[in-house]
$ cat upload03.cif   # mmCIF, N, CA, C and O atoms
data_my_file
loop_
_atom_site.label_atom_id
_atom_site.label_comp_id
_atom_site.auth_asym_id
_atom_site.auth_seq_id
_atom_site.Cartn_x
_atom_site.Cartn_y
_atom_site.Cartn_z
N MET A 1 29.03 -5.50 -25.40
CA MET A 1 29.79 -4.56 -24.62
C MET A 1 31.14 -4.34 -25.26
O MET A 1 31.68 -5.21 -25.92
N GLU A 2 31.69 -3.18 -25.01
CA GLU A 2 32.98 -2.82 -25.57
C GLU A 2 34.08 -3.19 -24.59
O GLU A 2 33.88 -3.23 -23.40
N LYS A 3 35.24 -3.46 -25.12
CA LYS A 3 36.38 -3.83 -24.29
C LYS A 3 37.12 -2.57 -23.87
O LYS A 3 37.35 -1.67 -24.67
N ILE A 4 37.50 -2.52 -22.61
CA ILE A 4 38.24 -1.39 -22.09
C ILE A 4 39.72 -1.72 -22.15
O ILE A 4 40.15 -2.75 -21.65
N GLU A 5 40.48 -0.86 -22.76
CA GLU A 5 41.91 -1.07 -22.90
C GLU A 5 42.63 -0.43 -21.72
O GLU A 5 42.61 0.79 -21.58
N PRO A 6 43.24 -1.23 -20.82
CA PRO A 6 43.89 -0.64 -19.66
C PRO A 6 45.17 0.13 -19.99
O PRO A 6 45.51 1.07 -19.31
N ASN A 7 45.90 -0.26 -21.02
CA ASN A 7 47.14 0.42 -21.39
C ASN A 7 46.89 1.30 -22.60
O ASN A 7 47.11 0.90 -23.73
N SER A 8 46.44 2.50 -22.37
CA SER A 8 46.16 3.39 -23.49
C SER A 8 47.31 4.36 -23.68
O SER A 8 48.03 4.70 -22.76
N THR A 9 47.46 4.83 -24.90
CA THR A 9 48.50 5.80 -25.19
C THR A 9 48.04 7.20 -24.82
O THR A 9 48.85 8.09 -24.61
N GLU A 10 46.75 7.40 -24.72
CA GLU A 10 46.20 8.69 -24.36
C GLU A 10 45.73 8.65 -22.91
O GLU A 10 45.69 7.61 -22.29
N ASN A 11 45.36 9.79 -22.40
CA ASN A 11 44.78 9.83 -21.07
C ASN A 11 43.31 9.47 -21.16
O ASN A 11 42.61 9.83 -22.09
N GLY A 12 42.82 8.72 -20.19
CA GLY A 12 41.41 8.37 -20.17
C GLY A 12 41.17 6.94 -20.61
O GLY A 12 42.09 6.15 -20.80
N ILE A 13 39.92 6.63 -20.80
CA ILE A 13 39.49 5.29 -21.16
C ILE A 13 39.36 5.20 -22.68
O ILE A 13 38.77 6.06 -23.31
N VAL A 14 39.89 4.15 -23.23
CA VAL A 14 39.84 3.94 -24.68
C VAL A 14 39.03 2.69 -24.95
O VAL A 14 39.24 1.65 -24.33
N THR A 15 38.07 2.78 -25.86
CA THR A 15 37.28 1.62 -26.24
C THR A 15 37.46 1.39 -27.73
O THR A 15 37.96 2.25 -28.46
N LYS A 16 37.01 0.22 -28.18
CA LYS A 16 37.16 -0.11 -29.60
C LYS A 16 36.33 0.79 -30.49
O LYS A 16 36.71 1.10 -31.61
N GLN A 17 35.17 1.18 -30.02
CA GLN A 17 34.34 2.07 -30.81
C GLN A 17 33.81 3.17 -29.92
O GLN A 17 33.73 3.03 -28.71
N THR A 18 33.43 4.28 -30.53
CA THR A 18 32.93 5.40 -29.74
C THR A 18 31.53 5.09 -29.23
O THR A 18 30.81 4.27 -29.81
N THR A 19 31.17 5.73 -28.15
CA THR A 19 29.86 5.53 -27.56
C THR A 19 28.98 6.71 -27.89
O THR A 19 29.34 7.85 -27.62
N ASP A 20 27.83 6.45 -28.46
CA ASP A 20 26.86 7.49 -28.74
C ASP A 20 25.97 7.63 -27.52
O ASP A 20 25.22 6.73 -27.17
N TRP A 21 26.06 8.76 -26.84
CA TRP A 21 25.38 8.95 -25.56
C TRP A 21 23.86 8.88 -25.70
O TRP A 21 23.17 8.56 -24.74
N HIS A 22 23.33 9.16 -26.88
CA HIS A 22 21.89 9.16 -27.05
C HIS A 22 21.33 7.76 -27.27
O HIS A 22 20.12 7.55 -27.17
N THR A 23 22.18 6.80 -27.58
CA THR A 23 21.70 5.44 -27.81
C THR A 23 21.89 4.52 -26.61
O THR A 23 21.50 3.36 -26.66
N ILE A 24 22.49 5.03 -25.54
CA ILE A 24 22.74 4.21 -24.35
C ILE A 24 21.42 3.99 -23.62
O ILE A 24 20.64 4.93 -23.41
N ASN A 25 21.19 2.75 -23.22
CA ASN A 25 20.02 2.43 -22.41
C ASN A 25 20.37 2.71 -20.95
O ASN A 25 20.89 1.85 -20.24
N TRP A 26 20.08 3.94 -20.50
CA TRP A 26 20.50 4.37 -19.16
C TRP A 26 19.77 3.60 -18.08
O TRP A 26 20.34 3.31 -17.02
N LYS A 27 18.54 3.25 -18.33
CA LYS A 27 17.77 2.50 -17.34
C LYS A 27 18.44 1.16 -17.06
O LYS A 27 18.58 0.74 -15.91
N ARG A 28 18.87 0.48 -18.12
CA ARG A 28 19.54 -0.81 -17.97
C ARG A 28 20.90 -0.65 -17.27
O ARG A 28 21.28 -1.47 -16.43
N ALA A 29 21.63 0.42 -17.59
CA ALA A 29 22.93 0.66 -16.96
C ALA A 29 22.77 0.89 -15.46
O ALA A 29 23.50 0.30 -14.65
N TYR A 30 21.80 1.72 -15.08
CA TYR A 30 21.57 1.97 -13.65
C TYR A 30 21.10 0.70 -12.95
O TYR A 30 21.48 0.43 -11.81
N ARG A 31 20.26 -0.09 -13.62
CA ARG A 31 19.77 -1.33 -13.02
C ARG A 31 20.92 -2.31 -12.79
O ARG A 31 21.00 -2.95 -11.74
N THR A 32 21.83 -2.41 -13.75
CA THR A 32 22.98 -3.31 -13.62
C THR A 32 23.85 -2.91 -12.44
O THR A 32 24.25 -3.77 -11.63
N VAL A 33 24.13 -1.63 -12.31
CA VAL A 33 24.97 -1.15 -11.21
C VAL A 33 24.25 -1.34 -9.87
O VAL A 33 24.86 -1.76 -8.88
N ARG A 34 22.96 -1.08 -9.85
CA ARG A 34 22.19 -1.25 -8.60
C ARG A 34 22.19 -2.70 -8.16
O ARG A 34 22.36 -3.01 -6.97
N LYS A 35 22.05 -3.63 -9.11
CA LYS A 35 22.07 -5.06 -8.77
C LYS A 35 23.43 -5.49 -8.25
O LYS A 35 23.52 -6.27 -7.29
N LEU A 36 24.50 -4.97 -8.86
CA LEU A 36 25.84 -5.30 -8.37
C LEU A 36 26.07 -4.77 -6.97
O LEU A 36 26.64 -5.46 -6.12
N ARG A 37 25.62 -3.54 -6.71
CA ARG A 37 25.76 -2.97 -5.37
C ARG A 37 24.99 -3.79 -4.34
O ARG A 37 25.46 -4.01 -3.23
N ARG A 38 23.83 -4.24 -4.73
CA ARG A 38 23.01 -5.07 -3.83
C ARG A 38 23.71 -6.40 -3.53
O ARG A 38 23.72 -6.85 -2.38
N ARG A 39 24.30 -7.02 -4.55
CA ARG A 39 25.03 -8.27 -4.35
C ARG A 39 26.23 -8.07 -3.43
O ARG A 39 26.52 -8.92 -2.58
N ILE A 40 26.92 -6.94 -3.58
CA ILE A 40 28.05 -6.64 -2.69
C ILE A 40 27.57 -6.46 -1.26
O ILE A 40 28.18 -6.97 -0.31
N PHE A 41 26.47 -5.75 -1.10
CA PHE A 41 25.91 -5.52 0.23
C PHE A 41 25.53 -6.84 0.91
O PHE A 41 25.86 -7.07 2.08
N LEU A 42 24.85 -7.72 0.17
CA LEU A 42 24.42 -8.99 0.75
C LEU A 42 25.61 -9.88 1.09
O LEU A 42 25.61 -10.54 2.14
N ALA A 43 26.61 -9.90 0.23
CA ALA A 43 27.79 -10.72 0.51
C ALA A 43 28.54 -10.19 1.74
O ALA A 43 29.06 -10.97 2.55
N THR A 44 28.58 -8.88 1.89
CA THR A 44 29.23 -8.28 3.06
C THR A 44 28.48 -8.64 4.33
O THR A 44 29.09 -8.99 5.34
N ARG A 45 27.17 -8.56 4.26
CA ARG A 45 26.35 -8.87 5.43
C ARG A 45 26.49 -10.32 5.85
O ARG A 45 26.47 -10.65 7.04
N GLU A 46 26.69 -11.21 4.85
CA GLU A 46 26.85 -12.62 5.15
C GLU A 46 28.29 -12.98 5.52
O GLU A 46 28.55 -14.10 5.94
N GLY A 47 29.22 -12.05 5.36
CA GLY A 47 30.61 -12.30 5.72
C GLY A 47 31.39 -13.09 4.69
O GLY A 47 32.42 -13.68 5.01
N LYS A 48 30.94 -13.09 3.46
CA LYS A 48 31.63 -13.80 2.37
C LYS A 48 32.62 -12.84 1.71
O LYS A 48 32.34 -12.25 0.67
N TRP A 49 33.80 -12.72 2.32
CA TRP A 49 34.73 -11.68 1.93
C TRP A 49 35.38 -11.94 0.58
O TRP A 49 35.69 -11.01 -0.16
N ARG A 50 35.59 -13.19 0.23
CA ARG A 50 36.16 -13.50 -1.08
C ARG A 50 35.17 -13.11 -2.19
O ARG A 50 35.56 -12.55 -3.22
N LYS A 51 33.90 -13.37 -1.95
CA LYS A 51 32.87 -13.00 -2.92
C LYS A 51 32.76 -11.48 -3.03
O LYS A 51 32.58 -10.93 -4.12
N VAL A 52 32.88 -10.80 -1.88
CA VAL A 52 32.84 -9.33 -1.89
C VAL A 52 33.97 -8.79 -2.75
O VAL A 52 33.77 -7.89 -3.57
N ASN A 53 35.17 -9.36 -2.58
CA ASN A 53 36.32 -8.91 -3.36
C ASN A 53 36.10 -9.13 -4.85
O ASN A 53 36.38 -8.25 -5.68
N LYS A 54 35.58 -10.29 -5.22
CA LYS A 54 35.32 -10.59 -6.64
C LYS A 54 34.26 -9.65 -7.22
O LYS A 54 34.40 -9.17 -8.35
N LEU A 55 33.21 -9.40 -6.45
CA LEU A 55 32.15 -8.52 -6.93
C LEU A 55 32.63 -7.07 -7.05
O LEU A 55 32.23 -6.36 -7.98
N GLN A 56 33.47 -6.64 -6.13
CA GLN A 56 34.02 -5.28 -6.23
C GLN A 56 34.90 -5.15 -7.48
O GLN A 56 34.86 -4.12 -8.16
N ARG A 57 35.67 -6.17 -7.77
CA ARG A 57 36.50 -6.15 -8.97
C ARG A 57 35.61 -6.12 -10.22
O ARG A 57 35.88 -5.40 -11.18
N LEU A 58 34.53 -6.89 -10.18
CA LEU A 58 33.58 -6.89 -11.29
C LEU A 58 32.95 -5.51 -11.46
O LEU A 58 32.78 -5.02 -12.58
N MET A 59 32.64 -4.86 -10.34
CA MET A 59 32.05 -3.52 -10.38
C MET A 59 33.02 -2.52 -11.00
O MET A 59 32.62 -1.69 -11.82
N LEU A 60 34.29 -2.60 -10.64
CA LEU A 60 35.27 -1.66 -11.19
C LEU A 60 35.44 -1.83 -12.69
O LEU A 60 35.70 -0.85 -13.40
N ARG A 61 35.30 -3.04 -13.19
CA ARG A 61 35.50 -3.30 -14.62
C ARG A 61 34.21 -3.30 -15.42
O ARG A 61 34.22 -3.55 -16.62
N SER A 62 33.11 -3.02 -14.76
CA SER A 62 31.81 -3.03 -15.42
C SER A 62 31.67 -1.81 -16.34
O SER A 62 31.92 -0.67 -15.94
N TYR A 63 31.25 -2.06 -17.56
CA TYR A 63 31.06 -0.97 -18.52
C TYR A 63 29.92 -0.05 -18.08
O TYR A 63 30.00 1.16 -18.23
N SER A 64 28.88 -0.62 -17.50
CA SER A 64 27.76 0.19 -17.01
C SER A 64 28.21 1.14 -15.92
O SER A 64 27.80 2.30 -15.87
N ASN A 65 29.06 0.66 -15.02
CA ASN A 65 29.57 1.49 -13.94
C ASN A 65 30.40 2.65 -14.49
O ASN A 65 30.30 3.78 -14.02
N ILE A 66 31.21 2.37 -15.51
CA ILE A 66 32.02 3.42 -16.13
C ILE A 66 31.13 4.46 -16.80
O ILE A 66 31.35 5.67 -16.66
N LEU A 67 30.11 4.01 -17.50
CA LEU A 67 29.18 4.94 -18.16
C LEU A 67 28.53 5.86 -17.15
O LEU A 67 28.46 7.08 -17.34
N ILE A 68 28.04 5.29 -16.06
CA ILE A 68 27.35 6.08 -15.04
C ILE A 68 28.32 7.05 -14.37
O ILE A 68 27.98 8.21 -14.10
N SER A 69 29.55 6.61 -14.12
CA SER A 69 30.54 7.48 -13.50
C SER A 69 30.88 8.67 -14.38
O SER A 69 30.97 9.81 -13.91
N VAL A 70 31.06 8.41 -15.66
CA VAL A 70 31.39 9.50 -16.60
C VAL A 70 30.21 10.46 -16.72
O VAL A 70 30.39 11.68 -16.71
N ARG A 71 29.01 9.92 -16.77
CA ARG A 71 27.83 10.78 -16.87
C ARG A 71 27.67 11.65 -15.63
O ARG A 71 27.40 12.84 -15.72
N GLN A 72 27.90 11.06 -14.47
CA GLN A 72 27.77 11.80 -13.22
C GLN A 72 28.83 12.90 -13.13
O GLN A 72 28.53 14.02 -12.71
N ALA A 73 30.04 12.59 -13.53
CA ALA A 73 31.11 13.59 -13.51
C ALA A 73 30.83 14.74 -14.48
O ALA A 73 31.06 15.91 -14.17
N ALA A 74 30.31 14.40 -15.65
CA ALA A 74 29.98 15.43 -16.64
C ALA A 74 28.86 16.33 -16.15
O ALA A 74 28.91 17.55 -16.32
N GLN A 75 27.86 15.76 -15.52
CA GLN A 75 26.76 16.56 -15.00
C GLN A 75 27.22 17.45 -13.86
O GLN A 75 26.82 18.62 -13.77
N LEU A 76 28.07 16.93 -12.99
CA LEU A 76 28.60 17.72 -11.89
C LEU A 76 29.41 18.89 -12.41
O LEU A 76 29.28 20.02 -11.94
N LYS A 77 30.25 18.62 -13.41
CA LYS A 77 31.08 19.67 -14.00
C LYS A 77 30.19 20.75 -14.64
O LYS A 77 30.46 21.94 -14.52
N TYR A 78 29.11 20.33 -15.30
CA TYR A 78 28.19 21.28 -15.94
C TYR A 78 27.56 22.20 -14.90
O TYR A 78 27.52 23.41 -15.08
N TRP A 79 27.08 21.63 -13.80
CA TRP A 79 26.40 22.45 -12.79
C TRP A 79 27.37 23.32 -12.01
O TRP A 79 26.98 24.35 -11.47
N GLN A 80 28.64 22.95 -11.96
CA GLN A 80 29.63 23.82 -11.33
C GLN A 80 29.90 25.04 -12.20
O GLN A 80 30.14 26.13 -11.69
N LYS A 81 29.85 24.85 -13.53
CA LYS A 81 30.08 25.96 -14.44
C LYS A 81 28.84 26.85 -14.59
O LYS A 81 28.95 28.03 -14.90
N HIS A 82 27.64 26.27 -14.43
CA HIS A 82 26.38 27.00 -14.64
C HIS A 82 25.48 26.91 -13.41
O HIS A 82 24.39 26.34 -13.48
N PRO A 83 25.88 27.50 -12.29
CA PRO A 83 25.06 27.37 -11.07
C PRO A 83 23.74 28.14 -11.14
O PRO A 83 22.80 27.82 -10.42
N TRP A 84 23.65 29.13 -12.02
CA TRP A 84 22.44 29.93 -12.11
C TRP A 84 21.32 29.24 -12.86
O TRP A 84 20.20 29.70 -12.87
N ARG A 85 21.58 28.08 -13.50
CA ARG A 85 20.58 27.40 -14.30
C ARG A 85 19.76 26.39 -13.49
O ARG A 85 19.01 25.63 -14.05
N ARG A 86 19.93 26.34 -12.23
CA ARG A 86 19.21 25.34 -11.42
C ARG A 86 17.79 25.67 -11.27
O ARG A 86 17.00 26.28 -11.30
#
$ encode --input "upload03.cif" --output "structure tokens"
Amino acid sequence: MEKIEPNSTENGIVTKQTTDWHTINWKRAYRTVRKLRRRIFLATREGKWRKVNKLQRLMLRSYSNILISVRQAAQLKYWQKHPWRR
């Protein structure tokens, strides 16, 4: 996994190396995020609030979560610009 630099000189997320969108294992990224969401849900249901907080922090810093968020935003932006292609 690549390291995310929180203090970047540019706007946006900066990583050590560029990400090639065609080589990303999207199935694994979605599975990782789904498992984290499930763990947060179960910890919430059990009332383990410290664990919920730790898992939420892990989710925010997860590279898979960032990839999925960027992909979702890009797809949304595309369909807003091209509504006739649906």
$ axis_aligned_box --input "upload03.cif" --around "range 47-65 of chain A" --padding-each-side "6 Å" --output "JSON"
{"center_x": 32.1, "center_y": -5.0, "center_z": -6.4, "size_x": 20.7, "size_y": 29.6, "size_z": 36.2}
$ residues_around --input "upload03.cif" --residues "range 19-31 of chain A" --least-positions-apart "6" --cutoff "7 Å" --atoms "only N, CA, C and O atoms" --output "ChimeraX atom specification"
/A:37,64-65,68
$ write_last_selection --input "upload03.cif" --atoms "N, CA, C and O atoms" --output "short mmCIF file (atom, residue, chain, number, x, y, z; two decimals), in the frame of the given file"
data_model
loop_
_atom_site.label_atom_id
_atom_site.label_comp_id
_atom_site.auth_asym_id
_atom_site.auth_seq_id
_atom_site.Cartn_x
_atom_site.Cartn_y
_atom_site.Cartn_z
N ARG A 37 25.62 -3.54 -6.71
CA ARG A 37 25.76 -2.97 -5.37
C ARG A 37 24.99 -3.79 -4.34
O ARG A 37 25.46 -4.01 -3.23
N SER A 64 28.88 -0.62 -17.50
CA SER A 64 27.76 0.19 -17.01
C SER A 64 28.21 1.14 -15.92
O SER A 64 27.80 2.30 -15.87
N ASN A 65 29.06 0.66 -15.02
CA ASN A 65 29.57 1.49 -13.94
C ASN A 65 30.40 2.65 -14.49
O ASN A 65 30.30 3.78 -14.02
N ILE A 68 28.04 5.29 -16.06
CA ILE A 68 27.35 6.08 -15.04
C ILE A 68 28.32 7.05 -14.37
O ILE A 68 27.98 8.21 -14.10
#
$ resolve_selection --input "upload03.cif" --expression "the PyMOL selection byres (((chain A and resi 55 and name CA) around 12) and name CA)" --output "NGL selection string"
:A and (33 or 35-44 or 48-54 or 56-62)
$ atom_distance --input "upload03.cif" --atom1 "CA of Leu67 in chain A" --atom2 "CA of Trp84 in chain A"
26.6 Å
$ atom_distance --input "upload03.cif" --atom1 "CA of Ser69 in chain A" --atom2 "CA of Lys81 in chain A"
18.5 Å
$ atom_distance --input "upload03.cif" --atom1 "CA of His82 in chain A" --atom2 "CA of Ile66 in chain A"
24.3 Å
$ select_by_dssp --input "upload03.cif" --residues "range 6-73 of chain A" --states "alpha helix (DSSP H)" --output "PyMOL selection string"
chain A and resi 26-46+49-61+63-73
